[in-house]
Amino acid sequence: MSKNLGPRIIIALDYAEPRLALDMAAKLEPARCRLKVGKELFTRGGPQLVQTLRNKGFEIFLDLKFHDIPNTVAGACSAAADLGVWMVNVHAMGGRCMMVAAREALDKVAQPPLLIAVTILTSMGERDIHEVGLAGMPADNVVRLAALAQESGMDGVVCSPQEVAMLRRQAGESFRLVTPGIRPIWSAKGDQTRITTPADAVRLGSDYLVIGRPITAAEEPMVALEAIERELAE
Ligand code: C5P
């Protein structure tokens with residue numbers, strides 16, 4: 001593949017305590033993975049935690065899924081860029097104007113983070129999307145929102161492994177597809193239901209794999225990471 005993606009594995013630091021996130025980071029190597037900081041950890045650890053992780057050499061996916069009026073989301077994206085994060089995300093349901101405002105805000109930055117959209121949360125089923133006024137199946141909405149995200153200047157979308165192949169065909173090679181729901185065959189499923197192995201996700205067209213517990217709950221996280229890297233290399 002001609003894309004220069006760097007390490008494909010993004011490790012989800014799903015911790016309530018910054019100290020636990022830093023303990024995990026101390027066991028990992030920045031050259032081999034990126035780290036995802038989500039709402040709970042960021043709300044507790046704040047920009048300072050992101051800075052500390054960056055100072056250790058890690059590139060950060062700030063997974064705050066911004067969704068607000070265009071001006072507010074543009075400001076939030078600029079703030080994320082000031083933090084020096086590598087990837088940031090917004091909800092495609094915020095609409096074209098919101099996504100374009102986010103894009104324009106980041107276009108003013110010298111080294112902008114990748115700007116990624118969330119289409120339909122994978123926690124939402126058919127009934128949930130109908131309840132909030134969306135018609136059709138979740139997959140139809142994913143396709144429509146991914147196309148809107150691309151038209152609005154997003155660099156890619158977060159999607160489930162089940163959606164990767166379809167979105168890759170639709171969006172072409174340069175659109176980044178970021179996939180959680182990854183489970184190597186040797187790891188526990190936990191609460192994830194529709195899962196894919198790392199190698200299958202990449203085969204289907206995924207660029208970046210968001211992986212939490214198979215690595216963070218392993219006795220030796222770097223050994224687990226190495227096993228996944230080996231699987232990908234084969
Ligand atoms: O531990 P695990 O590998 O299941 O962690 C997956 C990470 O990806 C978590 O941070 C979870 O919130 C996130 N995620 C997900 N499914 C989505 C979107 C995000 O599992 N559809």
# chains A, B, ... in the order shown; residues from 1 in each chain; ligands from 1
call {"tool": "residues_near_ligand", "arguments": {"ligand": "ligand 1", "cutoff": "6 Å", "atoms": "only C-alpha atoms and all ligand atoms", "output": "PDB file with all heavy atoms, in the first residue's frame"}}
result
ATOM      1  N   ALA A  12      -6.552   2.088  22.973  1.00  0.00           N
ATOM      2  CA  ALA A  12      -7.564   2.863  23.712  1.00  0.00           C
ATOM      3  C   ALA A  12      -7.210   2.868  25.195  1.00  0.00           C
ATOM      4  O   ALA A  12      -7.208   1.823  25.849  1.00  0.00           O
ATOM      5  CB  ALA A  12      -8.936   2.233  23.501  1.00  0.00           C
ATOM      6  N   ASP A  14      -8.703   3.395  28.058  1.00  0.00           N
ATOM      7  CA  ASP A  14     -10.011   3.570  28.699  1.00  0.00           C
ATOM      8  C   ASP A  14      -9.865   3.445  30.219  1.00  0.00           C
ATOM      9  O   ASP A  14     -10.262   2.443  30.812  1.00  0.00           O
ATOM     10  CB  ASP A  14     -11.008   2.545  28.146  1.00  0.00           C
ATOM     11  CG  ASP A  14     -11.379   2.847  26.704  1.00  0.00           C
ATOM     12  OD1 ASP A  14     -11.529   4.043  26.371  1.00  0.00           O
ATOM     13  OD2 ASP A  14     -11.496   1.905  25.904  1.00  0.00           O
ATOM     14  N   LEU A 121     -23.211   5.735  15.662  1.00  0.00           N
ATOM     15  CA  LEU A 121     -22.573   4.984  16.744  1.00  0.00           C
ATOM     16  C   LEU A 121     -22.944   3.513  16.602  1.00  0.00           C
ATOM     17  O   LEU A 121     -24.117   3.194  16.369  1.00  0.00           O
ATOM     18  CB  LEU A 121     -23.050   5.507  18.102  1.00  0.00           C
ATOM     19  CG  LEU A 121     -22.616   6.925  18.480  1.00  0.00           C
ATOM     20  CD1 LEU A 121     -23.390   7.402  19.706  1.00  0.00           C
ATOM     21  CD2 LEU A 121     -21.121   6.984  18.744  1.00  0.00           C
ATOM     22  N   THR A 122     -21.959   2.637  16.745  1.00  0.00           N
ATOM     23  CA  THR A 122     -22.266   1.208  16.556  1.00  0.00           C
ATOM     24  C   THR A 122     -23.132   0.661  17.689  1.00  0.00           C
ATOM     25  O   THR A 122     -23.661  -0.434  17.593  1.00  0.00           O
ATOM     26  CB  THR A 122     -20.976   0.365  16.454  1.00  0.00           C
ATOM     27  OG1 THR A 122     -20.135   0.722  17.545  1.00  0.00           O
ATOM     28  CG2 THR A 122     -20.250   0.602  15.159  1.00  0.00           C
ATOM     29  N   PRO A 180     -12.662   0.248  15.427  1.00  0.00           N
ATOM     30  CA  PRO A 180     -12.627  -0.478  16.703  1.00  0.00           C
ATOM     31  C   PRO A 180     -13.294  -1.849  16.516  1.00  0.00           C
ATOM     32  O   PRO A 180     -13.524  -2.269  15.384  1.00  0.00           O
ATOM     33  CB  PRO A 180     -13.452   0.422  17.635  1.00  0.00           C
ATOM     34  CG  PRO A 180     -14.341   1.210  16.740  1.00  0.00           C
ATOM     35  CD  PRO A 180     -13.778   1.182  15.339  1.00  0.00           C
ATOM     36  N   GLY A 181     -13.586  -2.538  17.600  1.00  0.00           N
ATOM     37  CA  GLY A 181     -14.227  -3.856  17.485  1.00  0.00           C
ATOM     38  C   GLY A 181     -13.257  -4.910  16.976  1.00  0.00           C
ATOM     39  O   GLY A 181     -13.622  -5.813  16.233  1.00  0.00           O
ATOM     40  N   GLN A 192     -17.718  -6.652  23.330  1.00  0.00           N
ATOM     41  CA  GLN A 192     -17.826  -6.417  21.885  1.00  0.00           C
ATOM     42  C   GLN A 192     -18.557  -7.603  21.256  1.00  0.00           C
ATOM     43  O   GLN A 192     -18.340  -8.750  21.644  1.00  0.00           O
ATOM     44  CB  GLN A 192     -16.432  -6.272  21.244  1.00  0.00           C
ATOM     45  CG  GLN A 192     -15.641  -5.071  21.729  1.00  0.00           C
ATOM     46  CD  GLN A 192     -16.043  -3.768  21.025  1.00  0.00           C
ATOM     47  OE1 GLN A 192     -17.083  -3.708  20.371  1.00  0.00           O
ATOM     48  NE2 GLN A 192     -15.234  -2.738  21.197  1.00  0.00           N
ATOM     49  N   VAL A 210      -8.356   0.482  16.321  1.00  0.00           N
ATOM     50  CA  VAL A 210      -8.451   0.918  17.718  1.00  0.00           C
ATOM     51  C   VAL A 210      -8.607  -0.333  18.573  1.00  0.00           C
ATOM     52  O   VAL A 210      -9.584  -1.069  18.424  1.00  0.00           O
ATOM     53  CB  VAL A 210      -9.661   1.851  17.930  1.00  0.00           C
ATOM     54  CG1 VAL A 210      -9.792   2.202  19.407  1.00  0.00           C
ATOM     55  CG2 VAL A 210      -9.522   3.120  17.093  1.00  0.00           C
ATOM     56  N   ILE A 211      -7.621  -0.568  19.418  1.00  0.00           N
ATOM     57  CA  ILE A 211      -7.635  -1.797  20.218  1.00  0.00           C
ATOM     58  C   ILE A 211      -7.413  -1.419  21.676  1.00  0.00           C
ATOM     59  O   ILE A 211      -6.464  -0.703  21.999  1.00  0.00           O
ATOM     60  CB  ILE A 211      -6.521  -2.772  19.757  1.00  0.00           C
ATOM     61  CG1 ILE A 211      -6.640  -3.025  18.245  1.00  0.00           C
ATOM     62  CG2 ILE A 211      -6.595  -4.077  20.545  1.00  0.00           C
ATOM     63  CD1 ILE A 211      -5.590  -3.980  17.695  1.00  0.00           C
ATOM     64  N   GLY A 212      -8.307  -1.893  22.534  1.00  0.00           N
ATOM     65  CA  GLY A 212      -8.160  -1.609  23.963  1.00  0.00           C
ATOM     66  C   GLY A 212      -7.713  -2.838  24.723  1.00  0.00           C
ATOM     67  O   GLY A 212      -6.527  -3.195  24.739  1.00  0.00           O
ATOM     68  N   ARG A 213      -8.697  -3.516  25.310  1.00  0.00           N
ATOM     69  CA  ARG A 213      -8.405  -4.583  26.261  1.00  0.00           C
ATOM     70  C   ARG A 213      -7.506  -5.725  25.785  1.00  0.00           C
ATOM     71  O   ARG A 213      -6.724  -6.228  26.602  1.00  0.00           O
ATOM     72  CB  ARG A 213      -9.722  -5.107  26.845  1.00  0.00           C
ATOM     73  CG  ARG A 213     -10.356  -4.065  27.775  1.00  0.00           C
ATOM     74  CD  ARG A 213     -11.831  -4.296  27.968  1.00  0.00           C
ATOM     75  NE  ARG A 213     -12.566  -4.011  26.736  1.00  0.00           N
ATOM     76  CZ  ARG A 213     -13.875  -4.148  26.608  1.00  0.00           C
ATOM     77  NH1 ARG A 213     -14.584  -4.577  27.635  1.00  0.00           N
ATOM     78  NH2 ARG A 213     -14.460  -3.854  25.465  1.00  0.00           N
TER      79      ARG A 213
END
call {"tool": "residues_around", "arguments": {"residues": "segment 113-119 of chain A", "least_positions_apart": "5", "cutoff": "9 Å", "atoms": "only C-alpha atoms", "output": "JSON, numbers by chain"}}
result
{"A": [61, 65, 77, 80, 81, 84, 85, 86, 87, 88, 89, 90, 91, 92, 93, 99, 102, 103, 106, 141, 142, 143, 144, 145, 146, 149, 150, 153, 154, 155, 156, 157, 158, 159, 176, 177, 178]}
call {"tool": "closest_residue", "arguments": {"among": "A:Ser206, A:Thr216, A:Gln170, A:Gln162", "to": "Leu148 of chain A", "atoms": "only C-alpha atoms"}}
result
A:Gln170
call {"tool": "atom_distance", "arguments": {"atom1": "atom CA of Met24 of chain A", "atom2": "atom CA of Ser78 of chain A"}}
result
28.0 Å
call {"tool": "select_by_dssp", "arguments": {"residues": "segment 43-112 of chain A", "states": "helix (DSSP H, G or I)", "output": "VMD selection string"}}
result
chain A and resid 43 to 55 70 to 82 92 to 94 96 to 107
call {"tool": "closest_residue", "arguments": {"among": "A:Leu13, A:Leu83, A:Val223, A:Ile182", "to": "Ser160 of chain A", "atoms": "only C-alpha atoms"}}
result
A:Ile182
call {"tool": "atom_distance", "arguments": {"atom1": "atom CA of Ala147 of chain A", "atom2": "atom CA of Arg96 of chain A"}}
result
10.7 Å
call {"tool": "closest_residue", "arguments": {"among": "A:Trp186, A:Phe175, A:Phe42, A:Tyr208", "to": "Leu5 of chain A", "atoms": "only C-alpha atoms"}}
result
A:Tyr208
call {"tool": "select_by_dssp", "arguments": {"residues": "segment 3-233 of chain A", "states": "strand (DSSP E)", "output": "mmCIF file with N, CA, C and O atoms, in the first residue's frame"}}
result
data_model
loop_
_atom_site.group_PDB
_atom_site.id
_atom_site.type_symbol
_atom_site.label_atom_id
_atom_site.label_comp_id
_atom_site.auth_asym_id
_atom_site.auth_seq_id
_atom_site.Cartn_x
_atom_site.Cartn_y
_atom_site.Cartn_z
ATOM 1 N N ILE A 9 -1.749 0.654 14.877
ATOM 2 C CA ILE A 9 -2.521 0.296 16.073
ATOM 3 C C ILE A 9 -2.655 1.496 17.011
ATOM 4 O O ILE A 9 -1.675 2.150 17.368
ATOM 5 N N ILE A 10 -3.908 1.787 17.356
ATOM 6 C CA ILE A 10 -4.221 2.879 18.286
ATOM 7 C C ILE A 10 -4.748 2.212 19.556
ATOM 8 O O ILE A 10 -5.783 1.548 19.522
ATOM 9 N N ILE A 11 -4.026 2.396 20.638
ATOM 10 C CA ILE A 11 -4.423 1.716 21.873
ATOM 11 C C ILE A 11 -5.359 2.619 22.676
ATOM 12 O O ILE A 11 -5.034 3.775 22.970
ATOM 13 N N ALA A 12 -6.552 2.088 22.973
ATOM 14 C CA ALA A 12 -7.564 2.863 23.712
ATOM 15 C C ALA A 12 -7.210 2.868 25.195
ATOM 16 O O ALA A 12 -7.208 1.823 25.849
ATOM 17 N N ARG A 34 -0.149 4.272 18.546
ATOM 18 C CA ARG A 34 -0.674 5.559 18.995
ATOM 19 C C ARG A 34 -1.592 5.302 20.183
ATOM 20 O O ARG A 34 -1.962 4.160 20.455
ATOM 21 N N LEU A 35 -2.001 6.367 20.857
ATOM 22 C CA LEU A 35 -2.868 6.213 22.035
ATOM 23 C C LEU A 35 -4.155 6.995 21.833
ATOM 24 O O LEU A 35 -4.141 8.111 21.303
ATOM 25 N N LYS A 36 -5.259 6.406 22.282
ATOM 26 C CA LYS A 36 -6.555 7.101 22.205
ATOM 27 C C LYS A 36 -6.970 7.563 23.592
ATOM 28 O O LYS A 36 -7.037 6.768 24.531
ATOM 29 N N VAL A 37 -7.238 8.862 23.693
ATOM 30 C CA VAL A 37 -7.730 9.451 24.940
ATOM 31 C C VAL A 37 -9.183 9.845 24.691
ATOM 32 O O VAL A 37 -9.479 10.653 23.812
ATOM 33 N N GLY A 38 -10.081 9.259 25.473
ATOM 34 C CA GLY A 38 -11.511 9.507 25.280
ATOM 35 C C GLY A 38 -12.081 10.447 26.323
ATOM 36 O O GLY A 38 -11.345 11.088 27.087
ATOM 37 N N ILE A 60 -1.400 11.191 19.677
ATOM 38 C CA ILE A 60 -2.661 11.013 20.411
ATOM 39 C C ILE A 60 -3.870 11.199 19.508
ATOM 40 O O ILE A 60 -3.978 12.200 18.780
ATOM 41 N N PHE A 61 -4.780 10.245 19.585
ATOM 42 C CA PHE A 61 -6.120 10.379 18.996
ATOM 43 C C PHE A 61 -7.020 10.902 20.122
ATOM 44 O O PHE A 61 -7.306 10.187 21.078
ATOM 45 N N LEU A 62 -7.431 12.161 19.987
ATOM 46 C CA LEU A 62 -8.315 12.765 21.000
ATOM 47 C C LEU A 62 -9.756 12.461 20.581
ATOM 48 O O LEU A 62 -10.313 13.094 19.690
ATOM 49 N N ASP A 63 -10.326 11.462 21.256
ATOM 50 C CA ASP A 63 -11.633 10.916 20.842
ATOM 51 C C ASP A 63 -12.738 11.593 21.656
ATOM 52 O O ASP A 63 -13.304 11.014 22.572
ATOM 53 N N LEU A 64 -13.019 12.860 21.296
ATOM 54 C CA LEU A 64 -14.047 13.609 22.040
ATOM 55 C C LEU A 64 -15.326 13.778 21.215
ATOM 56 O O LEU A 64 -16.309 14.322 21.715
ATOM 57 N N LYS A 65 -15.314 13.307 19.980
ATOM 58 C CA LYS A 65 -16.529 13.305 19.128
ATOM 59 C C LYS A 65 -17.314 14.610 19.245
ATOM 60 O O LYS A 65 -18.463 14.638 19.684
ATOM 61 N N PHE A 66 -16.703 15.698 18.806
ATOM 62 C CA PHE A 66 -17.364 17.012 18.909
ATOM 63 C C PHE A 66 -18.652 17.040 18.085
ATOM 64 O O PHE A 66 -18.713 16.520 16.956
ATOM 65 N N MET A 87 -4.885 13.055 15.871
ATOM 66 C CA MET A 87 -6.193 12.788 15.267
ATOM 67 C C MET A 87 -7.269 13.329 16.196
ATOM 68 O O MET A 87 -7.125 13.268 17.422
ATOM 69 N N VAL A 88 -8.348 13.878 15.587
ATOM 70 C CA VAL A 88 -9.454 14.399 16.378
ATOM 71 C C VAL A 88 -10.730 14.002 15.639
ATOM 72 O O VAL A 88 -10.693 13.747 14.433
ATOM 73 N N ASN A 89 -11.862 13.938 16.338
ATOM 74 C CA ASN A 89 -13.070 13.526 15.619
ATOM 75 C C ASN A 89 -14.296 14.354 15.984
ATOM 76 O O ASN A 89 -14.346 15.025 17.019
ATOM 77 N N VAL A 90 -15.264 14.300 15.047
ATOM 78 C CA VAL A 90 -16.534 15.032 15.187
ATOM 79 C C VAL A 90 -17.648 14.069 14.770
ATOM 80 O O VAL A 90 -17.389 13.070 14.110
ATOM 81 N N HIS A 91 -18.888 14.395 15.132
ATOM 82 C CA HIS A 91 -20.029 13.592 14.671
ATOM 83 C C HIS A 91 -20.487 14.100 13.310
ATOM 84 O O HIS A 91 -20.817 15.287 13.167
ATOM 85 N N LEU A 114 -5.349 14.737 11.867
ATOM 86 C CA LEU A 114 -6.331 14.099 10.984
ATOM 87 C C LEU A 114 -7.710 14.373 11.562
ATOM 88 O O LEU A 114 -7.914 14.279 12.776
ATOM 89 N N LEU A 115 -8.637 14.723 10.675
ATOM 90 C CA LEU A 115 -9.999 15.080 11.102
ATOM 91 C C LEU A 115 -10.943 13.974 10.638
ATOM 92 O O LEU A 115 -11.134 13.758 9.443
ATOM 93 N N ILE A 116 -11.500 13.292 11.615
ATOM 94 C CA ILE A 116 -12.247 12.058 11.359
ATOM 95 C C ILE A 116 -13.685 12.250 11.826
ATOM 96 O O ILE A 116 -13.931 12.924 12.828
ATOM 97 N N ALA A 117 -14.632 11.656 11.105
ATOM 98 C CA ALA A 117 -16.038 11.749 11.527
ATOM 99 C C ALA A 117 -16.536 10.407 12.046
ATOM 100 O O ALA A 117 -16.091 9.349 11.601
ATOM 101 N N VAL A 118 -17.454 10.491 12.991
ATOM 102 C CA VAL A 118 -18.197 9.317 13.443
ATOM 103 C C VAL A 118 -19.514 9.366 12.673
ATOM 104 O O VAL A 118 -20.157 10.419 12.612
ATOM 105 N N GLY A 156 -11.461 11.092 7.042
ATOM 106 C CA GLY A 156 -11.882 9.694 7.130
ATOM 107 C C GLY A 156 -13.024 9.549 8.110
ATOM 108 O O GLY A 156 -13.573 10.551 8.594
ATOM 109 N N VAL A 157 -13.386 8.302 8.380
ATOM 110 C CA VAL A 157 -14.444 8.028 9.356
ATOM 111 C C VAL A 157 -14.034 6.880 10.275
ATOM 112 O O VAL A 157 -13.188 6.059 9.915
ATOM 113 N N VAL A 158 -14.678 6.870 11.440
ATOM 114 C CA VAL A 158 -14.594 5.703 12.314
ATOM 115 C C VAL A 158 -15.683 4.750 11.837
ATOM 116 O O VAL A 158 -16.799 5.182 11.554
ATOM 117 N N ARG A 176 -9.349 7.823 5.217
ATOM 118 C CA ARG A 176 -8.885 6.987 6.333
ATOM 119 C C ARG A 176 -10.060 6.275 7.008
ATOM 120 O O ARG A 176 -11.054 6.910 7.363
ATOM 121 N N LEU A 177 -9.908 4.974 7.201
ATOM 122 C CA LEU A 177 -10.930 4.200 7.909
ATOM 123 C C LEU A 177 -10.333 3.706 9.222
ATOM 124 O O LEU A 177 -9.285 3.053 9.237
ATOM 125 N N VAL A 178 -10.986 4.074 10.294
ATOM 126 C CA VAL A 178 -10.494 3.799 11.651
ATOM 127 C C VAL A 178 -11.482 2.825 12.296
ATOM 128 O O VAL A 178 -12.670 3.138 12.406
ATOM 129 N N THR A 179 -10.991 1.661 12.699
ATOM 130 C CA THR A 179 -11.920 0.614 13.142
ATOM 131 C C THR A 179 -11.668 0.101 14.553
ATOM 132 O O THR A 179 -10.601 -0.455 14.819
ATOM 133 N N TYR A 208 -6.489 2.118 10.343
ATOM 134 C CA TYR A 208 -6.069 2.163 11.741
ATOM 135 C C TYR A 208 -6.996 1.305 12.588
ATOM 136 O O TYR A 208 -8.219 1.340 12.421
ATOM 137 N N LEU A 209 -6.408 0.572 13.508
ATOM 138 C CA LEU A 209 -7.166 -0.334 14.360
ATOM 139 C C LEU A 209 -7.162 0.215 15.784
ATOM 140 O O LEU A 209 -6.087 0.418 16.357
ATOM 141 N N VAL A 210 -8.356 0.482 16.321
ATOM 142 C CA VAL A 210 -8.451 0.918 17.718
ATOM 143 C C VAL A 210 -8.607 -0.333 18.573
ATOM 144 O O VAL A 210 -9.584 -1.069 18.424
ATOM 145 N N ILE A 211 -7.621 -0.568 19.418
ATOM 146 C CA ILE A 211 -7.635 -1.797 20.218
ATOM 147 C C ILE A 211 -7.413 -1.419 21.676
ATOM 148 O O ILE A 211 -6.464 -0.703 21.999
#
call {"tool": "atom_distance", "arguments": {"atom1": "atom CA of Arg54 of chain A", "atom2": "atom CA of Asp82 of chain A"}}
result
12.4 Å
call {"tool": "residues_around", "arguments": {"residues": "Glu234 of chain A", "least_positions_apart": "4", "cutoff": "10 Å", "atoms": "only C-alpha atoms", "output": "mmCIF file with N, CA, C and O atoms, in the first residue's frame"}}
result
data_model
loop_
_atom_site.group_PDB
_atom_site.id
_atom_site.type_symbol
_atom_site.label_atom_id
_atom_site.label_comp_id
_atom_site.auth_asym_id
_atom_site.auth_seq_id
_atom_site.Cartn_x
_atom_site.Cartn_y
_atom_site.Cartn_z
ATOM 1 N N ALA A 199 -5.921 -8.845 11.335
ATOM 2 C CA ALA A 199 -5.540 -9.108 9.936
ATOM 3 C C ALA A 199 -6.743 -8.966 9.013
ATOM 4 O O ALA A 199 -6.636 -8.402 7.920
ATOM 5 N N GLU A 229 1.139 -7.238 15.768
ATOM 6 C CA GLU A 229 2.014 -6.776 14.668
ATOM 7 C C GLU A 229 2.437 -7.951 13.788
ATOM 8 O O GLU A 229 2.469 -7.830 12.563
ATOM 9 N N ARG A 230 2.746 -9.075 14.445
ATOM 10 C CA ARG A 230 3.147 -10.271 13.671
ATOM 11 C C ARG A 230 2.009 -10.725 12.769
ATOM 12 O O ARG A 230 2.199 -11.018 11.600
#
call {"tool": "decode", "arguments": {"residues": "segment 110-148 of chain A", "atoms": "C-alpha atoms", "output": "PDB file, in the first residue's frame"}}
result
ATOM      1  CA  ALA A 110       0.586  24.278  10.179  1.00  0.00           C
ATOM      2  CA  GLN A 111       0.422  20.589  11.072  1.00  0.00           C
ATOM      3  CA  PRO A 112      -3.265  19.786  11.449  1.00  0.00           C
ATOM      4  CA  PRO A 113      -4.452  16.609  13.123  1.00  0.00           C
ATOM      5  CA  LEU A 114      -6.331  14.099  10.984  1.00  0.00           C
ATOM      6  CA  LEU A 115      -9.999  15.080  11.102  1.00  0.00           C
ATOM      7  CA  ILE A 116     -12.247  12.058  11.359  1.00  0.00           C
ATOM      8  CA  ALA A 117     -16.038  11.749  11.527  1.00  0.00           C
ATOM      9  CA  VAL A 118     -18.197   9.317  13.443  1.00  0.00           C
ATOM     10  CA  THR A 119     -21.199   8.257  11.328  1.00  0.00           C
ATOM     11  CA  ILE A 120     -23.701   6.190  13.332  1.00  0.00           C
ATOM     12  CA  LEU A 121     -22.573   4.984  16.744  1.00  0.00           C
ATOM     13  CA  THR A 122     -22.266   1.208  16.556  1.00  0.00           C
ATOM     14  CA  SER A 123     -24.182   1.022  19.822  1.00  0.00           C
ATOM     15  CA  MET A 124     -27.289   2.164  17.907  1.00  0.00           C
ATOM     16  CA  GLY A 125     -29.510  -0.423  16.245  1.00  0.00           C
ATOM     17  CA  GLU A 126     -32.371  -0.043  13.798  1.00  0.00           C
ATOM     18  CA  ARG A 127     -34.901   0.878  16.478  1.00  0.00           C
ATOM     19  CA  ASP A 128     -32.604   3.477  18.038  1.00  0.00           C
ATOM     20  CA  ILE A 129     -32.008   5.284  14.774  1.00  0.00           C
ATOM     21  CA  HIS A 130     -35.734   5.297  13.952  1.00  0.00           C
ATOM     22  CA  GLU A 131     -36.459   6.768  17.382  1.00  0.00           C
ATOM     23  CA  VAL A 132     -34.226   9.728  16.623  1.00  0.00           C
ATOM     24  CA  GLY A 133     -35.886  10.248  13.246  1.00  0.00           C
ATOM     25  CA  LEU A 134     -33.543   8.448  10.834  1.00  0.00           C
ATOM     26  CA  ALA A 135     -35.085   6.176   8.208  1.00  0.00           C
ATOM     27  CA  GLY A 136     -33.684   2.937   6.809  1.00  0.00           C
ATOM     28  CA  MET A 137     -31.111   0.611   8.267  1.00  0.00           C
ATOM     29  CA  PRO A 138     -28.051   1.765  10.244  1.00  0.00           C
ATOM     30  CA  ALA A 139     -25.815   0.716   7.317  1.00  0.00           C
ATOM     31  CA  ASP A 140     -27.727   2.990   4.891  1.00  0.00           C
ATOM     32  CA  ASN A 141     -27.139   5.914   7.215  1.00  0.00           C
ATOM     33  CA  VAL A 142     -23.476   5.022   7.617  1.00  0.00           C
ATOM     34  CA  VAL A 143     -23.030   5.100   3.833  1.00  0.00           C
ATOM     35  CA  ARG A 144     -24.838   8.431   3.473  1.00  0.00           C
ATOM     36  CA  LEU A 145     -23.042  10.095   6.371  1.00  0.00           C
ATOM     37  CA  ALA A 146     -19.632   8.807   5.264  1.00  0.00           C
ATOM     38  CA  ALA A 147     -20.230  10.335   1.813  1.00  0.00           C
ATOM     39  CA  LEU A 148     -21.285  13.614   3.426  1.00  0.00           C
TER      40      LEU A 148
END
